[in-house]
$ cat input23.txt   # compact mmCIF, C-alpha atoms
# COMPACT_ATOMS: atom_id res chain seq x y z
CA MET O 879 24.73 9.96 -54.32
CA ILE O 880 27.85 12.12 -54.52
CA ASP O 881 30.91 10.22 -55.67
CA LYS O 882 33.40 10.13 -52.78
CA GLU O 883 36.28 9.85 -55.24
CA LYS O 884 35.20 13.15 -56.84
CA ILE O 885 35.05 14.78 -53.42
CA ALA O 886 38.55 13.50 -52.63
CA LEU O 887 39.82 14.67 -56.01
CA ALA O 888 38.23 18.10 -55.54
CA THR O 889 39.80 18.36 -52.08
CA GLU O 890 43.20 17.59 -53.62
CA GLN O 891 42.59 20.12 -56.41
CA PHE O 892 41.69 22.81 -53.85
CA LYS O 893 44.94 22.01 -52.04
CA ASN O 894 46.89 22.34 -55.31
CA CYS O 895 45.21 25.69 -56.04
CA SER O 896 45.66 27.14 -52.54
CA PRO O 897 48.91 28.98 -53.36
CA LEU O 898 47.12 30.65 -56.28
CA PHE O 899 44.19 31.71 -54.13
CA ILE O 900 46.51 33.09 -51.46
CA ALA O 901 48.75 34.91 -53.94
CA LEU O 902 45.86 36.38 -55.91
CA GLY O 903 43.84 37.28 -52.82
CA ASP O 904 45.78 40.50 -52.28
CA SER O 905 44.68 43.63 -54.16
CA HIS O 906 48.26 44.87 -54.63
CA ARG O 907 49.27 41.57 -56.23
CA GLN O 908 46.16 41.69 -58.42
CA LYS O 909 47.21 45.13 -59.66
CA LEU O 910 50.76 43.92 -60.27
CA CYS O 911 49.34 41.07 -62.35
CA MET O 912 47.26 43.50 -64.41
CA ASP O 913 50.27 45.77 -64.90
CA LEU O 914 52.31 42.78 -66.06
CA ALA O 915 49.48 41.62 -68.32
CA SER O 916 49.45 44.98 -70.06
CA SER O 917 53.21 44.76 -70.64
CA GLY O 918 52.98 41.63 -72.79
CA GLU O 919 55.81 39.15 -73.25
CA ASP O 920 58.53 41.70 -72.47
CA GLY O 921 57.42 42.10 -68.87
CA LEU O 922 58.37 44.87 -66.50
CA ASN O 923 61.13 45.35 -63.95
CA VAL O 924 60.66 46.48 -60.34
CA ALA O 925 61.45 50.11 -61.20
CA GLU O 926 58.79 50.18 -63.93
CA LEU O 927 56.26 48.49 -61.64
CA SER O 928 56.97 50.95 -58.84
CA GLY O 929 56.23 53.80 -61.25
CA LYS O 930 52.73 52.37 -61.67
CA SER O 931 52.13 51.80 -57.96
CA ILE O 932 51.92 53.49 -54.59
CA LEU O 933 54.10 50.70 -53.19
CA SER O 934 57.82 50.99 -52.47
CA ARG O 935 60.31 48.93 -54.45
CA PRO O 936 60.91 46.55 -51.50
CA ALA O 937 57.15 46.03 -51.16
CA ILE O 938 56.84 45.32 -54.89
CA SER O 939 59.77 42.89 -54.66
CA HIS O 940 58.03 41.10 -51.79
CA HIS O 941 54.77 40.80 -53.73
CA LEU O 942 56.64 39.61 -56.83
CA LYS O 943 58.30 36.90 -54.73
CA VAL O 944 54.89 35.70 -53.52
CA LEU O 945 53.62 35.67 -57.11
CA LYS O 946 56.77 33.91 -58.31
CA ASP O 947 56.57 31.27 -55.58
CA ALA O 948 52.95 30.57 -56.61
CA GLY O 949 54.03 30.19 -60.24
CA ILE O 950 52.09 33.24 -61.39
CA VAL O 951 55.03 35.31 -62.62
CA GLU O 952 58.41 34.35 -63.93
CA PRO O 953 61.59 36.39 -63.78
CA LEU O 954 63.46 37.04 -67.00
CA LYS O 955 67.03 38.27 -66.73
CA LYS O 956 68.03 40.76 -69.42
CA GLY O 957 71.57 41.95 -68.90
CA THR O 958 71.77 43.19 -65.32
CA GLN O 959 68.01 43.71 -64.95
CA VAL O 960 65.28 41.27 -64.01
CA PHE O 961 61.95 41.61 -65.77
CA TYR O 962 58.80 39.83 -64.65
CA ARG O 963 56.05 38.50 -66.85
CA LEU O 964 52.85 36.60 -66.21
CA ARG O 965 52.79 32.84 -66.45
CA LEU O 966 49.11 32.12 -65.93
CA ARG O 967 48.22 29.49 -68.53
CA GLU O 968 49.31 26.51 -66.38
CA ASN O 969 47.60 28.00 -63.34
CA PHE O 970 44.37 28.60 -65.23
CA THR O 971 44.42 24.96 -66.32
CA LEU O 972 44.55 23.93 -62.64
CA LEU O 973 41.73 26.32 -61.78
CA LYS O 974 39.61 25.12 -64.72
CA LYS O 975 40.00 21.50 -63.64
CA LEU O 976 38.93 22.44 -60.13
CA MET O 977 35.94 24.43 -61.33
CA LEU O 978 34.77 21.66 -63.67
CA LEU O 979 35.04 19.09 -60.91
CA VAL O 980 33.14 21.27 -58.44
CA GLU O 981 30.52 21.92 -61.12
CA GLU O 982 30.06 18.16 -61.61
CA ILE O 983 29.61 17.70 -57.86
CA LEU O 984 27.09 20.56 -57.71
CA ASP O 985 25.19 19.13 -60.67
CA THR O 986 24.94 15.81 -58.82
CA VAL O 987 23.63 17.61 -55.72
CA ASP O 988 21.08 19.52 -57.85
CA ASP O 989 19.96 16.29 -59.56
CA GLU O 990 19.50 14.64 -56.16
CA LYS O 991 17.43 17.62 -54.93
CA GLU O 992 15.22 17.47 -58.04
CA SER O 993 14.73 13.72 -57.61
CA ALA O 994 13.82 14.16 -53.93
CA SER O 995 11.37 16.97 -54.78
CA ALA O 996 9.72 14.86 -57.49
CA GLU O 997 9.21 12.01 -55.04
CA ILE O 998 7.33 14.21 -52.58
$ encode --input "input23.txt" --output "structure tokens"
Amino acid sequence: MIDKEKIALATEQFKNCSPLFIALGDSHRQKLCMDLASSGEDGLNVAELSGKSILSRPAISHHLKVLKDAGIVEPLKKGTQVFYRLRLRENFTLLKKLMLLVEEILDTVDDEKESASAEI
């Protein structure tokens, strides 16, 4: 039988990961993340990101705000400019926990199916 506590925990984990799923569900934000990943620790500013994109600077700023609010990027002020860099390690830890928990639940379901098939 599936552990109801695991189901409740998985539901909570999905809720915690929802901002990540929403933020990363947009192809423009995915590209921004890849552009930032290729920049390393130094990051990129809005002007540099707009040079790599078909989006306007205001659109890039909007997408960066969504990514920042989800904890995916962090702003880094250097003089008068703001650079953005990825901050994915913490988020990947959340996602890994969710995936492991869902995998445990699925394994339990598979084990129950195998047991039921063996009984027939």
$ atom_distance --input "input23.txt" --atom1 "atom CA of O:Pro897" --atom2 "atom CA of O:Asp988"
29.7 Å
$ closest_residue --input "input23.txt" --among "O:Val980, O:Met912, O:Val951, O:Leu902" --to "O:Leu966" --atoms "only C-alpha atoms"
O:Val951
$ closest_residue --input "input23.txt" --among "O:Ala925, O:Leu973, O:Ala996, O:Pro953" --to "O:Lys893" --atoms "only C-alpha atoms"
O:Leu973
$ closest_residue --input "input23.txt" --among "O:Ser917, O:Ser995, O:Asn969, O:Gln908" --to "O:Ala948" --atoms "all atoms listed in the file"
O:Asn969
$ closest_residue --input "input23.txt" --among "O:Ile885, O:Met879, O:Ala937, O:Cys895" --to "O:Lys974" --atoms "only C-alpha atoms"
O:Cys895
$ closest_residue --input "input23.txt" --among "O:Ile983, O:Leu914, O:Ile880, O:Met977" --to "O:Leu927" --atoms "all atoms listed in the file"
O:Leu914
$ closest_residue --input "input23.txt" --among "O:Ile950, O:Leu984, O:Leu933, O:Leu978" --to "O:Cys911" --atoms "only C-alpha atoms"
O:Ile950
$ atom_distance --input "input23.txt" --atom1 "atom CA of O:Gly921" --atom2 "atom CA of O:Phe899"
22.4 Å
$ atom_distance --input "input23.txt" --atom1 "atom CA of O:Val924" --atom2 "atom CA of O:Ile900"
21.4 Å
$ axis_aligned_box --input "input23.txt" --around "stretch 983-993 of chain O" --padding-each-side "6 Å" --output "lines of an AutoDock Vina configuration file"
center_x = 22.2
center_y = 17.1
center_z = -57.8
size_x = 26.9
size_y = 18.8
size_z = 17.7
$ residues_near_point --input "input23.txt" --point "(57.3, 45.5, -66.0)" --cutoff "12 Å" --atoms "all atoms listed in the file" --output "PDB file with C-alpha atoms, keeping the file's coordinate frame"
ATOM      1  CA  LYS O 909      47.210  45.130 -59.660  1.00  0.00           C
ATOM      2  CA  LEU O 910      50.760  43.920 -60.270  1.00  0.00           C
ATOM      3  CA  CYS O 911      49.340  41.070 -62.350  1.00  0.00           C
ATOM      4  CA  MET O 912      47.260  43.500 -64.410  1.00  0.00           C
ATOM      5  CA  ASP O 913      50.270  45.770 -64.900  1.00  0.00           C
ATOM      6  CA  LEU O 914      52.310  42.780 -66.060  1.00  0.00           C
ATOM      7  CA  ALA O 915      49.480  41.620 -68.320  1.00  0.00           C
ATOM      8  CA  SER O 916      49.450  44.980 -70.060  1.00  0.00           C
ATOM      9  CA  SER O 917      53.210  44.760 -70.640  1.00  0.00           C
ATOM     10  CA  GLY O 918      52.980  41.630 -72.790  1.00  0.00           C
ATOM     11  CA  GLU O 919      55.810  39.150 -73.250  1.00  0.00           C
ATOM     12  CA  ASP O 920      58.530  41.700 -72.470  1.00  0.00           C
ATOM     13  CA  GLY O 921      57.420  42.100 -68.870  1.00  0.00           C
ATOM     14  CA  LEU O 922      58.370  44.870 -66.500  1.00  0.00           C
ATOM     15  CA  ASN O 923      61.130  45.350 -63.950  1.00  0.00           C
ATOM     16  CA  VAL O 924      60.660  46.480 -60.340  1.00  0.00           C
ATOM     17  CA  ALA O 925      61.450  50.110 -61.200  1.00  0.00           C
ATOM     18  CA  GLU O 926      58.790  50.180 -63.930  1.00  0.00           C
ATOM     19  CA  LEU O 927      56.260  48.490 -61.640  1.00  0.00           C
ATOM     20  CA  SER O 928      56.970  50.950 -58.840  1.00  0.00           C
ATOM     21  CA  GLY O 929      56.230  53.800 -61.250  1.00  0.00           C
ATOM     22  CA  LYS O 930      52.730  52.370 -61.670  1.00  0.00           C
ATOM     23  CA  SER O 931      52.130  51.800 -57.960  1.00  0.00           C
ATOM     24  CA  ILE O 938      56.840  45.320 -54.890  1.00  0.00           C
ATOM     25  CA  SER O 939      59.770  42.890 -54.660  1.00  0.00           C
ATOM     26  CA  LEU O 942      56.640  39.610 -56.830  1.00  0.00           C
ATOM     27  CA  VAL O 951      55.030  35.310 -62.620  1.00  0.00           C
ATOM     28  CA  GLU O 952      58.410  34.350 -63.930  1.00  0.00           C
ATOM     29  CA  PRO O 953      61.590  36.390 -63.780  1.00  0.00           C
ATOM     30  CA  LEU O 954      63.460  37.040 -67.000  1.00  0.00           C
ATOM     31  CA  GLN O 959      68.010  43.710 -64.950  1.00  0.00           C
ATOM     32  CA  VAL O 960      65.280  41.270 -64.010  1.00  0.00           C
ATOM     33  CA  PHE O 961      61.950  41.610 -65.770  1.00  0.00           C
ATOM     34  CA  TYR O 962      58.800  39.830 -64.650  1.00  0.00           C
ATOM     35  CA  ARG O 963      56.050  38.500 -66.850  1.00  0.00           C
ATOM     36  CA  LEU O 964      52.850  36.600 -66.210  1.00  0.00           C
TER      37      LEU O 964
END
